[in-house]
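Chemist: Take a look at this one; I'll ask things after.
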Amino acid sequence: MAATVQTLRRPPELLAPAGGPAALVAAVNNGADAVYAGLGTFNARRGADNFDERSLAEATRFAHLRGARVYLTANTLVLPDEMQAAIDVIDTAWAAGVDAVIIQDLGLMRVVRKALPDVRIHASTQANAHNAASVAALAELGAARVTLAREVSVPEIRQLVEAGGDTEVESFVHGALCYSYSGQCLMSSMIGGRSANRGLCAQPCRLPYELVDAAGDPVPVDGRYLLSPRDLAGIAMLPEIVDTGVAALKIEGRMKSPEYVAVVVGVYRAALDRAIADPEGFAVTEAEWELLAEAFNRGFTDGYLAGVSDERVMSHRRPNNRGVQIGRVAHASGQRATIALDRQLDSEDTIEFWTSRGRAAQRAGAMRQHGAVMRSASGGSRVEVETQVPVSAGDRVFRVANAALLDAARRTFEGREALERRATPVDISVRLVSGKPLEVVASAGGAEASAAGPVVEPARTKAVTADEVIEHVGRLGGSGYVAATWDVDLEMGVGVGFSALHRARRDALDALDALRLAPWSERERRHPVVAPPKGRGPSRPAVPTLVAVTDDVAEVAALLDAGADRVAVRIGRETVAPMPEGAYPLLPRIAHAAEFSALASWAATDGCVAAANLGLLREAVVRGARPEADQALNVANPWSARALDSLGALFAWASPELTLGQIATLVELSPIPVGVVVYGRTELMVAEHCVLQAAGACSERCAGCTRRRAFWTLRDEKGYGFPVTTDVSGRTHVYNAVTLDLSRALDQVVGAGVHAVRLDFSTETFEERVRVVAAYRDLLGDVAAGRALPGEPLVTPATSGHLYRGVR
């Protein structure tokens, strides 16, 4: 029965990136079923070329006439004063013809659902959906499709498809991997203010780091780029992925070139078609692997799709395109080098020498063989090239840009091919009967249109022939159509001017375009006005609740004695002790199916529980608990607080990316109480990979791992040390190098009306934790009494985070 159901499923959509107009044409012309693209704001790739209103409308027309769909990316967090602008962008894009909008911000989802109910919503991978309850929660907020976290395996995809019911599921299949779970990375934000949640990630995961053990000693590792993953390439697993029933397979790459898009989409189109037609006989050809590698690669992995999260996922030696090895330096002298080639090399190719002093890229340039200048040299031969840096015999040589491949890719989206490569087959009927108007009928995509010309008369000189009719009506170049069938009803002896045939053909195709575009052309902007949500009113607590967060149940009593009103205890798979009086569980950001039930069991009926995962929050509500939404759920505006309120949250911890003024607005307009973290090392990343594996062989027995008993450090090139640990599931947690301490601004935070302030402990000793709790207890008393606060922070160095600077 299952097999029968599977055969009836719609094949998955191949979804491709479109960083700009040229990339969109490249994607569509090479076989994409849909593309995703952004306008200049509110999209997670603000550094891409992107689109404006006019070019987006032209792009949707181009795609729709070729049977492809266009999705707008509105997948960033929305700050409190931006919701109207975000809705205006979506309203504009919908009127321009987009087929869906990809959204991260929970508040934006809720507003779109109410203000623009016709808009189809796709939840972004930034929403961190990797369990069935999260998919269900996003569906409740209006998502028709959910893009899963990249860390989900093929068996998990199958489970989520089955559990999702009518909610579609989308999975990444190729492209760059973030080290951290998407939507959970604050590293770029906290280091330089360029927020990944705002589309400006500076990619600190691609920078070099030194691994320092708990004793403070640097650890020898194989490579410097300890947070840099390989690129995902799930092509070999296409039959298994297709069999899950997933609705769409997504290729990453809006920051990549149109040539990259053309090559990768073309490879995946051919491979996906074969995987659907003959899953048992499917295999990736050597040529396809070559094309993917030449397009761009940091080394490939099927990684998380295959359930692999160890060192095979990582690219420690190189964070950028490594290209393909084409040979080695056989001899070098001065600025000349002889390369023993394993592959063909053209003079226009860009090559890179991997030397003991680093890597150097250059155009291959003029090549010589036996004294003769060559434009191309075959594999197995030797060529002499001029080098721009000193190289040595034995140095490896890579090609990082294949000129011939790039030229071939461009021919699919430039010039005449831009319009003709994916031309739509059209059935054409021409009727020329004496005494009646010339008629041309064009049929394509289930639509039929006709156009009439002048009345047909007997020929005055030479009668028109059927071949001439086909030749002149069939001049379809530039129209986006290609003739599929012909039906010519031609009365003998009649004549007609060729210009009349041309005009009737143009009119018929224009009418056909209009019919095929009718579902989108009738849209108009709605201009909805976004009203602020109704807040809780002017009531503010005289003194906010003081909450301390620990990972050790044994510390609860001491932290309460030191002045904490409540203590939240981080829950992991190894946490077994019951919650003591005054404590409540803080459930983690990550909860895959295998661990979900155990984690959710901490949500007791009528008990308080904090959830950093949307699915766990929803499950806590189902179990009758009183849930708080942790800051990992990215509450950046009051509409997001309202969305979580609709799911059952009773309290929300504000996003750490808000300024003081934005916090005040959130508190004022939120329907549920809001708290702020005022102390602690901000968790910057949570990753499925264990970075400590770089230190050597791993038994994969995380519970007994001696490495994870204390914090290690990732030290960057500026000397900053980022504490790092791994949990019992083998996940890496990276913390900020500098501790957040808002003690000097506590009066302003309290003045913003927050209902609770929180101290998040991680690397501190027990004594330090007790001291900080007692200090904040006293400081809250000073604020209530109107006394001045100290001018120095409690710890040095300290940061105020985004309280004053905000994010870009």
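Going by the structure tokens order, chains are called A, B, ..., each with residues numbered from 1, while ligands are numbered from 1 in the order shown.
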Please return, as a ChimeraX atom specification, all residues of range 134-319 of chain A that DSSP assigns to strand (DSSP E or B) on the basis of the backbone.
Modeler: /A:143-147,168-176,210-212,218,229,231-233,248-251,300-301,314
Chemist: What's the 9 Å shell around Ile428 in chain A, counting only C-alpha atoms, without same-chain residues fewer than 2 positions away, as a PyMOL selection string?
Modeler: chain A and resi 426+430+440-443+473-474+483-488
Chemist: How far is it from CA of Ala16 in chain A to CA of Ala236 in chain A, in Å with one decimal?
Modeler: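 Between CA of Ala16 in chain A and CA of Ala236 in chain A the gap works out to 18.1 Å.
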Chemist: Skipping near chain neighbours, those fewer than 6 positions away, what residues fall within 6 Å of Val734 in chain A using only C-alpha atoms, listed as JSON, numbers by chain?
Modeler: {"A": [683, 684, 685, 723, 724]}
Chemist: Take the residues that were just selected and, keeping N, CA, C and O atoms, output them as a compact mmCIF listing (two decimals), in the first residue's frame.
Modeler:
# COMPACT_ATOMS: atom_id res chain seq x y z
N GLU A 683 25.50 32.53 24.15
CA GLU A 683 25.77 31.37 23.31
C GLU A 683 25.69 31.81 21.85
O GLU A 683 24.64 32.24 21.39
N LEU A 684 26.79 31.69 21.14
CA LEU A 684 26.88 32.19 19.78
C LEU A 684 26.51 31.15 18.74
O LEU A 684 26.00 31.49 17.67
N MET A 685 26.79 29.88 19.02
CA MET A 685 26.53 28.81 18.07
C MET A 685 26.13 27.55 18.80
O MET A 685 26.61 27.27 19.90
N PRO A 723 34.94 30.39 24.55
CA PRO A 723 34.77 29.11 25.24
C PRO A 723 33.89 28.16 24.43
O PRO A 723 32.91 28.58 23.80
N VAL A 724 34.25 26.90 24.45
CA VAL A 724 33.50 25.91 23.68
C VAL A 724 33.40 24.63 24.48
O VAL A 724 34.32 24.23 25.20
Chemist: Within 8 Å of range 160-172 of chain A, counting only C-alpha atoms, which residues qualify if same-chain residues fewer than 4 places away don't, as an mmCIF file with C-alpha atoms, in the first residue's frame?
Modeler:
data_model
loop_
_atom_site.group_PDB
_atom_site.id
_atom_site.type_symbol
_atom_site.label_atom_id
_atom_site.label_comp_id
_atom_site.auth_asym_id
_atom_site.auth_seq_id
_atom_site.Cartn_x
_atom_site.Cartn_y
_atom_site.Cartn_z
ATOM 1 C CA ASN A 131 10.989 17.937 14.753
ATOM 2 C CA ALA A 132 7.336 17.256 14.023
ATOM 3 C CA VAL A 135 6.495 21.804 11.839
ATOM 4 C CA ALA A 136 3.029 21.684 13.409
ATOM 5 C CA ALA A 139 1.689 25.347 10.272
ATOM 6 C CA ALA A 143 3.058 28.077 6.944
ATOM 7 C CA ALA A 144 2.010 25.928 3.985
ATOM 8 C CA ARG A 145 5.568 24.621 3.660
ATOM 9 C CA VAL A 146 8.419 24.277 6.142
ATOM 10 C CA THR A 147 12.070 24.321 5.101
ATOM 11 C CA LEU A 148 13.847 21.954 7.450
ATOM 12 C CA ALA A 149 17.105 22.560 9.265
ATOM 13 C CA ARG A 150 20.069 21.288 7.276
ATOM 14 C CA GLU A 156 13.904 12.131 9.824
ATOM 15 C CA THR A 244 10.542 10.357 1.574
ATOM 16 C CA GLY A 245 7.834 12.363 -0.203
ATOM 17 C CA VAL A 246 9.626 15.670 0.362
ATOM 18 C CA ALA A 247 7.966 18.492 -1.576
ATOM 19 C CA ALA A 248 11.083 20.383 -2.638
ATOM 20 C CA LEU A 249 14.829 19.939 -2.927
ATOM 21 C CA LYS A 250 16.669 23.192 -2.382
ATOM 22 C CA ILE A 251 20.011 24.293 -3.792
ATOM 23 C CA GLU A 252 21.838 26.936 -1.744
#
Chemist: Hey, what does DSSP flag as alpha helix (DSSP H) within range 42-144 of chain A? Can you give it to me as a ChimeraX atom specification?
Modeler: /A:53-64,83-96,106-115,132-140
Chemist: Those residues you just picked out, can you put them in a file as a short mmCIF file (atom, residue, chain, number, x, y, z; two decimals), in the first residue's frame with N, CA and C atoms?
Modeler:
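What follows is the written file selection-v8.cif:
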data_model
loop_
_atom_site.label_atom_id
_atom_site.label_comp_id
_atom_site.auth_asym_id
_atom_site.auth_seq_id
_atom_site.Cartn_x
_atom_site.Cartn_y
_atom_site.Cartn_z
N GLU A 53 11.56 46.25 -7.56
CA GLU A 53 10.17 45.93 -7.90
C GLU A 53 10.01 45.62 -9.39
N ARG A 54 10.65 46.41 -10.24
CA ARG A 54 10.50 46.20 -11.67
C ARG A 54 11.15 44.90 -12.12
N SER A 55 12.39 44.66 -11.69
CA SER A 55 13.07 43.45 -12.14
C SER A 55 12.41 42.19 -11.56
N LEU A 56 11.81 42.31 -10.39
CA LEU A 56 11.10 41.15 -9.83
C LEU A 56 9.87 40.84 -10.67
N ALA A 57 9.13 41.86 -11.09
CA ALA A 57 7.96 41.63 -11.93
C ALA A 57 8.38 41.00 -13.26
N GLU A 58 9.48 41.47 -13.83
CA GLU A 58 9.97 40.88 -15.08
C GLU A 58 10.41 39.44 -14.85
N ALA A 59 11.00 39.17 -13.71
CA ALA A 59 11.47 37.82 -13.41
C ALA A 59 10.30 36.85 -13.24
N THR A 60 9.26 37.28 -12.56
CA THR A 60 8.11 36.39 -12.38
C THR A 60 7.43 36.10 -13.71
N ARG A 61 7.36 37.10 -14.57
CA ARG A 61 6.78 36.88 -15.91
C ARG A 61 7.62 35.85 -16.67
N PHE A 62 8.94 36.05 -16.67
CA PHE A 62 9.84 35.14 -17.37
C PHE A 62 9.67 33.71 -16.84
N ALA A 63 9.67 33.56 -15.53
CA ALA A 63 9.58 32.23 -14.94
C ALA A 63 8.22 31.58 -15.20
N HIS A 64 7.14 32.33 -15.01
CA HIS A 64 5.81 31.76 -15.16
C HIS A 64 5.55 31.30 -16.59
N MET A 83 7.82 46.53 10.94
CA MET A 83 6.79 45.60 10.48
C MET A 83 5.98 46.16 9.31
N GLN A 84 5.65 47.44 9.34
CA GLN A 84 4.90 48.01 8.22
C GLN A 84 5.72 47.93 6.94
N ALA A 85 7.02 48.24 7.03
CA ALA A 85 7.87 48.17 5.85
C ALA A 85 7.98 46.75 5.33
N ALA A 86 8.07 45.78 6.23
CA ALA A 86 8.16 44.38 5.81
C ALA A 86 6.89 43.94 5.08
N ILE A 87 5.75 44.34 5.60
CA ILE A 87 4.48 43.99 4.96
C ILE A 87 4.36 44.69 3.61
N ASP A 88 4.84 45.92 3.51
CA ASP A 88 4.81 46.62 2.23
C ASP A 88 5.65 45.89 1.18
N VAL A 89 6.79 45.37 1.59
CA VAL A 89 7.65 44.61 0.67
C VAL A 89 6.92 43.37 0.17
N ILE A 90 6.28 42.66 1.07
CA ILE A 90 5.57 41.44 0.68
C ILE A 90 4.36 41.77 -0.18
N ASP A 91 3.65 42.83 0.17
CA ASP A 91 2.50 43.27 -0.63
C ASP A 91 2.94 43.61 -2.05
N THR A 92 4.07 44.31 -2.16
CA THR A 92 4.61 44.66 -3.48
C THR A 92 5.00 43.42 -4.26
N ALA A 93 5.69 42.50 -3.61
CA ALA A 93 6.16 41.29 -4.30
C ALA A 93 5.00 40.41 -4.72
N TRP A 94 3.97 40.32 -3.90
CA TRP A 94 2.81 39.50 -4.26
C TRP A 94 2.11 40.09 -5.49
N ALA A 95 1.99 41.40 -5.52
CA ALA A 95 1.39 42.04 -6.69
C ALA A 95 2.25 41.86 -7.92
N ALA A 96 3.58 41.72 -7.71
CA ALA A 96 4.49 41.50 -8.83
C ALA A 96 4.44 40.07 -9.34
N LEU A 106 8.42 34.93 13.32
CA LEU A 106 7.11 34.39 13.66
C LEU A 106 6.04 35.48 13.66
N GLY A 107 6.43 36.68 14.06
CA GLY A 107 5.47 37.78 14.05
C GLY A 107 5.07 38.17 12.65
N LEU A 108 6.05 38.18 11.74
CA LEU A 108 5.75 38.50 10.34
C LEU A 108 4.81 37.45 9.74
N MET A 109 5.03 36.19 10.09
CA MET A 109 4.11 35.14 9.62
C MET A 109 2.68 35.47 10.04
N ARG A 110 2.53 35.82 11.29
CA ARG A 110 1.19 36.07 11.82
C ARG A 110 0.55 37.29 11.15
N VAL A 111 1.34 38.34 10.94
CA VAL A 111 0.80 39.54 10.32
C VAL A 111 0.42 39.28 8.86
N VAL A 112 1.27 38.56 8.13
CA VAL A 112 0.96 38.23 6.74
C VAL A 112 -0.32 37.41 6.66
N ARG A 113 -0.46 36.47 7.54
CA ARG A 113 -1.65 35.61 7.52
C ARG A 113 -2.93 36.43 7.68
N LYS A 114 -2.85 37.47 8.51
CA LYS A 114 -4.05 38.27 8.77
C LYS A 114 -4.22 39.41 7.76
N ALA A 115 -3.12 40.08 7.40
CA ALA A 115 -3.21 41.25 6.54
C ALA A 115 -3.25 40.90 5.07
N ALA A 132 8.72 17.19 14.51
CA ALA A 132 7.34 17.26 14.02
C ALA A 132 6.54 18.35 14.72
N ALA A 133 6.80 18.55 16.01
CA ALA A 133 6.05 19.57 16.74
C ALA A 133 6.37 20.97 16.24
N SER A 134 7.61 21.21 15.85
CA SER A 134 7.96 22.51 15.28
C SER A 134 7.26 22.73 13.94
N VAL A 135 7.21 21.70 13.11
CA VAL A 135 6.50 21.80 11.84
C VAL A 135 5.03 22.12 12.10
N ALA A 136 4.44 21.45 13.09
CA ALA A 136 3.03 21.68 13.41
C ALA A 136 2.80 23.11 13.91
N ALA A 137 3.73 23.61 14.74
CA ALA A 137 3.58 24.96 15.25
C ALA A 137 3.67 25.99 14.13
N LEU A 138 4.59 25.80 13.21
CA LEU A 138 4.72 26.71 12.09
C LEU A 138 3.49 26.66 11.18
N ALA A 139 2.93 25.47 11.04
CA ALA A 139 1.69 25.35 10.27
C ALA A 139 0.55 26.12 10.95
N GLU A 140 0.50 26.07 12.26
CA GLU A 140 -0.52 26.82 12.99
C GLU A 140 -0.37 28.32 12.78
#
Chemist: With only C-alpha atoms as the atoms that count, which of A:Val686, A:Ala360, A:Ala262, A:Ala271 lies nearest to Gly234 in chain A?
Modeler: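 Nearest to Gly234 in chain A: A:Ala271.
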Chemist: Do a neighbour search on Ser729 in chain A at 9 Å with only C-alpha atoms, toss out local chain neighbours closer than 2 positions, and write the hits as an NGL selection string.
Modeler: :A and (572-573 or 688 or 702-703 or 726-727 or 731)
Chemist: For those residues, write N, CA and C atoms to a file as a PDB file, in the first residue's frame.
Modeler:
ATOM      1  N   GLY A 572      19.539  18.559  29.560  1.00  0.00           N
ATOM      2  CA  GLY A 572      20.123  17.774  28.479  1.00  0.00           C
ATOM      3  C   GLY A 572      19.667  16.336  28.623  1.00  0.00           C
ATOM      4  N   ARG A 573      20.115  15.478  27.720  1.00  0.00           N
ATOM      5  CA  ARG A 573      19.693  14.081  27.777  1.00  0.00           C
ATOM      6  C   ARG A 573      20.200  13.392  29.035  1.00  0.00           C
ATOM      7  N   GLU A 688      25.682  20.629  15.226  1.00  0.00           N
ATOM      8  CA  GLU A 688      25.537  19.177  15.336  1.00  0.00           C
ATOM      9  C   GLU A 688      26.898  18.496  15.371  1.00  0.00           C
ATOM     10  N   CYS A 702      29.825   9.992  23.725  1.00  0.00           N
ATOM     11  CA  CYS A 702      29.839  11.359  24.238  1.00  0.00           C
ATOM     12  C   CYS A 702      29.652  11.418  25.751  1.00  0.00           C
ATOM     13  N   ALA A 703      28.828  10.530  26.290  1.00  0.00           N
ATOM     14  CA  ALA A 703      28.531  10.594  27.727  1.00  0.00           C
ATOM     15  C   ALA A 703      29.780  10.417  28.573  1.00  0.00           C
ATOM     16  N   THR A 726      31.024  20.626  24.412  1.00  0.00           N
ATOM     17  CA  THR A 726      30.063  19.783  23.705  1.00  0.00           C
ATOM     18  C   THR A 726      29.184  19.087  24.723  1.00  0.00           C
ATOM     19  N   ASP A 727      27.956  18.800  24.304  1.00  0.00           N
ATOM     20  CA  ASP A 727      27.014  18.177  25.234  1.00  0.00           C
ATOM     21  C   ASP A 727      26.987  16.661  25.039  1.00  0.00           C
ATOM     22  N   ARG A 731      26.971  17.725  20.474  1.00  0.00           N
ATOM     23  CA  ARG A 731      26.796  19.027  19.830  1.00  0.00           C
ATOM     24  C   ARG A 731      27.740  20.054  20.430  1.00  0.00           C
TER      25      ARG A 731
END
Chemist: Quick one: of A:Asp760, A:Glu457, A:Glu13, A:Glu386, who's nearest to Ser333 in chain A, counting only C-alpha atoms?
Modeler: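 Using only C-alpha atoms, the shortest distance to Ser333 in chain A belongs to A:Glu386.
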Chemist: Could you tell me how far CA of Gly801 in chain A lies from CA of Phe651 in chain A, in Å and to one decimal?
Modeler: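 So the two atoms, CA of Gly801 in chain A and CA of Phe651 in chain A, lie 22.2 Å apart.
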Chemist: Measuring between only C-alpha atoms, which one of A:Leu616, A:Ala774, A:Tyr181, A:Val78 shows the shortest distance to Leu560 in chain A?
Modeler: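 Between A:Leu616, A:Ala774, A:Tyr181, A:Val78, the residue approaching Leu560 in chain A most closely is A:Ala774.
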Chemist: List as a PyMOL selection string the protein and nucleic acid residues near Gly216 in chain A, meaning an atom at most 12 Å away when only C-alpha atoms are counted, but skip any in the same chain fewer than 2 places from it.
Modeler: chain A and resi 210-214+218-219+710-715+721+723
Chemist: Just to be explicit: take each residue in the selection above, keep N, CA and C atoms, and write the result as a PDB file, in the first residue's frame.
Modeler:
ATOM      1  N   GLU A 210      42.453  28.623  16.615  1.00  0.00           N
ATOM      2  CA  GLU A 210      43.335  27.694  17.305  1.00  0.00           C
ATOM      3  C   GLU A 210      42.528  27.010  18.395  1.00  0.00           C
ATOM      4  N   LEU A 211      42.660  25.704  18.524  1.00  0.00           N
ATOM      5  CA  LEU A 211      41.950  24.963  19.551  1.00  0.00           C
ATOM      6  C   LEU A 211      42.842  24.855  20.785  1.00  0.00           C
ATOM      7  N   VAL A 212      42.341  25.326  21.918  1.00  0.00           N
ATOM      8  CA  VAL A 212      43.089  25.346  23.175  1.00  0.00           C
ATOM      9  C   VAL A 212      42.353  24.466  24.176  1.00  0.00           C
ATOM     10  N   ASP A 213      43.071  23.565  24.822  1.00  0.00           N
ATOM     11  CA  ASP A 213      42.406  22.626  25.725  1.00  0.00           C
ATOM     12  C   ASP A 213      42.095  23.280  27.065  1.00  0.00           C
ATOM     13  N   ALA A 214      41.488  22.505  27.954  1.00  0.00           N
ATOM     14  CA  ALA A 214      41.037  23.043  29.232  1.00  0.00           C
ATOM     15  C   ALA A 214      42.190  23.517  30.104  1.00  0.00           C
ATOM     16  N   PRO A 218      47.573  24.943  23.507  1.00  0.00           N
ATOM     17  CA  PRO A 218      47.126  24.730  22.127  1.00  0.00           C
ATOM     18  C   PRO A 218      47.228  23.262  21.744  1.00  0.00           C
ATOM     19  N   VAL A 219      46.245  22.805  20.978  1.00  0.00           N
ATOM     20  CA  VAL A 219      46.178  21.401  20.585  1.00  0.00           C
ATOM     21  C   VAL A 219      46.525  21.292  19.103  1.00  0.00           C
ATOM     22  N   ALA A 710      35.300  19.868  30.701  1.00  0.00           N
ATOM     23  CA  ALA A 710      35.591  21.265  30.995  1.00  0.00           C
ATOM     24  C   ALA A 710      35.548  22.055  29.691  1.00  0.00           C
ATOM     25  N   PHE A 711      35.498  23.375  29.812  1.00  0.00           N
ATOM     26  CA  PHE A 711      35.464  24.227  28.629  1.00  0.00           C
ATOM     27  C   PHE A 711      36.830  24.260  27.955  1.00  0.00           C
ATOM     28  N   TRP A 712      36.826  24.118  26.626  1.00  0.00           N
ATOM     29  CA  TRP A 712      37.988  24.379  25.805  1.00  0.00           C
ATOM     30  C   TRP A 712      37.803  25.771  25.202  1.00  0.00           C
ATOM     31  N   THR A 713      38.724  26.186  24.359  1.00  0.00           N
ATOM     32  CA  THR A 713      38.660  27.529  23.793  1.00  0.00           C
ATOM     33  C   THR A 713      39.003  27.499  22.307  1.00  0.00           C
ATOM     34  N   LEU A 714      38.254  28.288  21.543  1.00  0.00           N
ATOM     35  CA  LEU A 714      38.612  28.580  20.160  1.00  0.00           C
ATOM     36  C   LEU A 714      39.202  29.983  20.144  1.00  0.00           C
ATOM     37  N   ARG A 715      40.480  30.094  19.802  1.00  0.00           N
ATOM     38  CA  ARG A 715      41.143  31.385  19.831  1.00  0.00           C
ATOM     39  C   ARG A 715      41.298  31.910  18.404  1.00  0.00           C
ATOM     40  N   GLY A 721      39.415  34.555  22.911  1.00  0.00           N
ATOM     41  CA  GLY A 721      39.135  33.149  23.172  1.00  0.00           C
ATOM     42  C   GLY A 721      37.655  32.913  23.377  1.00  0.00           C
ATOM     43  N   PRO A 723      34.943  30.388  24.545  1.00  0.00           N
ATOM     44  CA  PRO A 723      34.765  29.111  25.235  1.00  0.00           C
ATOM     45  C   PRO A 723      33.889  28.163  24.427  1.00  0.00           C
TER      46      PRO A 723
END
Chemist: At most 12 Å is the cut-off: for each residue in range 99-119 of chain A with any atom that close to an atom of range 194-206 of chain A, write down the nearest atom pair and the distance in Å rounded to one decimal, counting only C-alpha atoms, chain first then increasing number, as a tab-separated table.
Modeler:
residue	atom	partner	partner_atom	distance
A:Ile103	CA	A:Asn197	CA	11.4
A:Gln104	CA	A:Asn197	CA	8.7
A:Asp105	CA	A:Asn197	CA	9.4
Chemist: Report, in Å with one decimal, the straight-line distance from CA of Val757 in chain A to CA of Asn75 in chain A.
Modeler: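 So the answer is 28.8 Å.
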Chemist: Restricting the calculation to only C-alpha atoms: of A:Leu79, A:Val691, A:Val567, A:Cys608, which residue gets closest to Thr725 in chain A?
Modeler: A:Val691
Chemist: With only C-alpha atoms as the atoms that count, which of A:Thr41, A:Ser699, A:Asn637, A:Ser434 lies nearest to Val496 in chain A?
Modeler: A:Ser434
Chemist: Let me make sure I understand: among A:Arg540, A:Gln335, A:Ala44, A:Gly97, which one has the smallest atom-to-atom distance to Glu668 in chain A if we use only C-alpha atoms?
Modeler: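 Closest to Glu668 in chain A of all the choices is A:Arg540.
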Chemist: As a ChimeraX atom specification, please: the residues near range 313-320 of chain A (cut-off 10 Å, only C-alpha atoms, same-chain neighbours under 2 positions excluded).
Modeler: /A:177,179,205-209,221-232,296-304,308-311,322-323,689,691,694
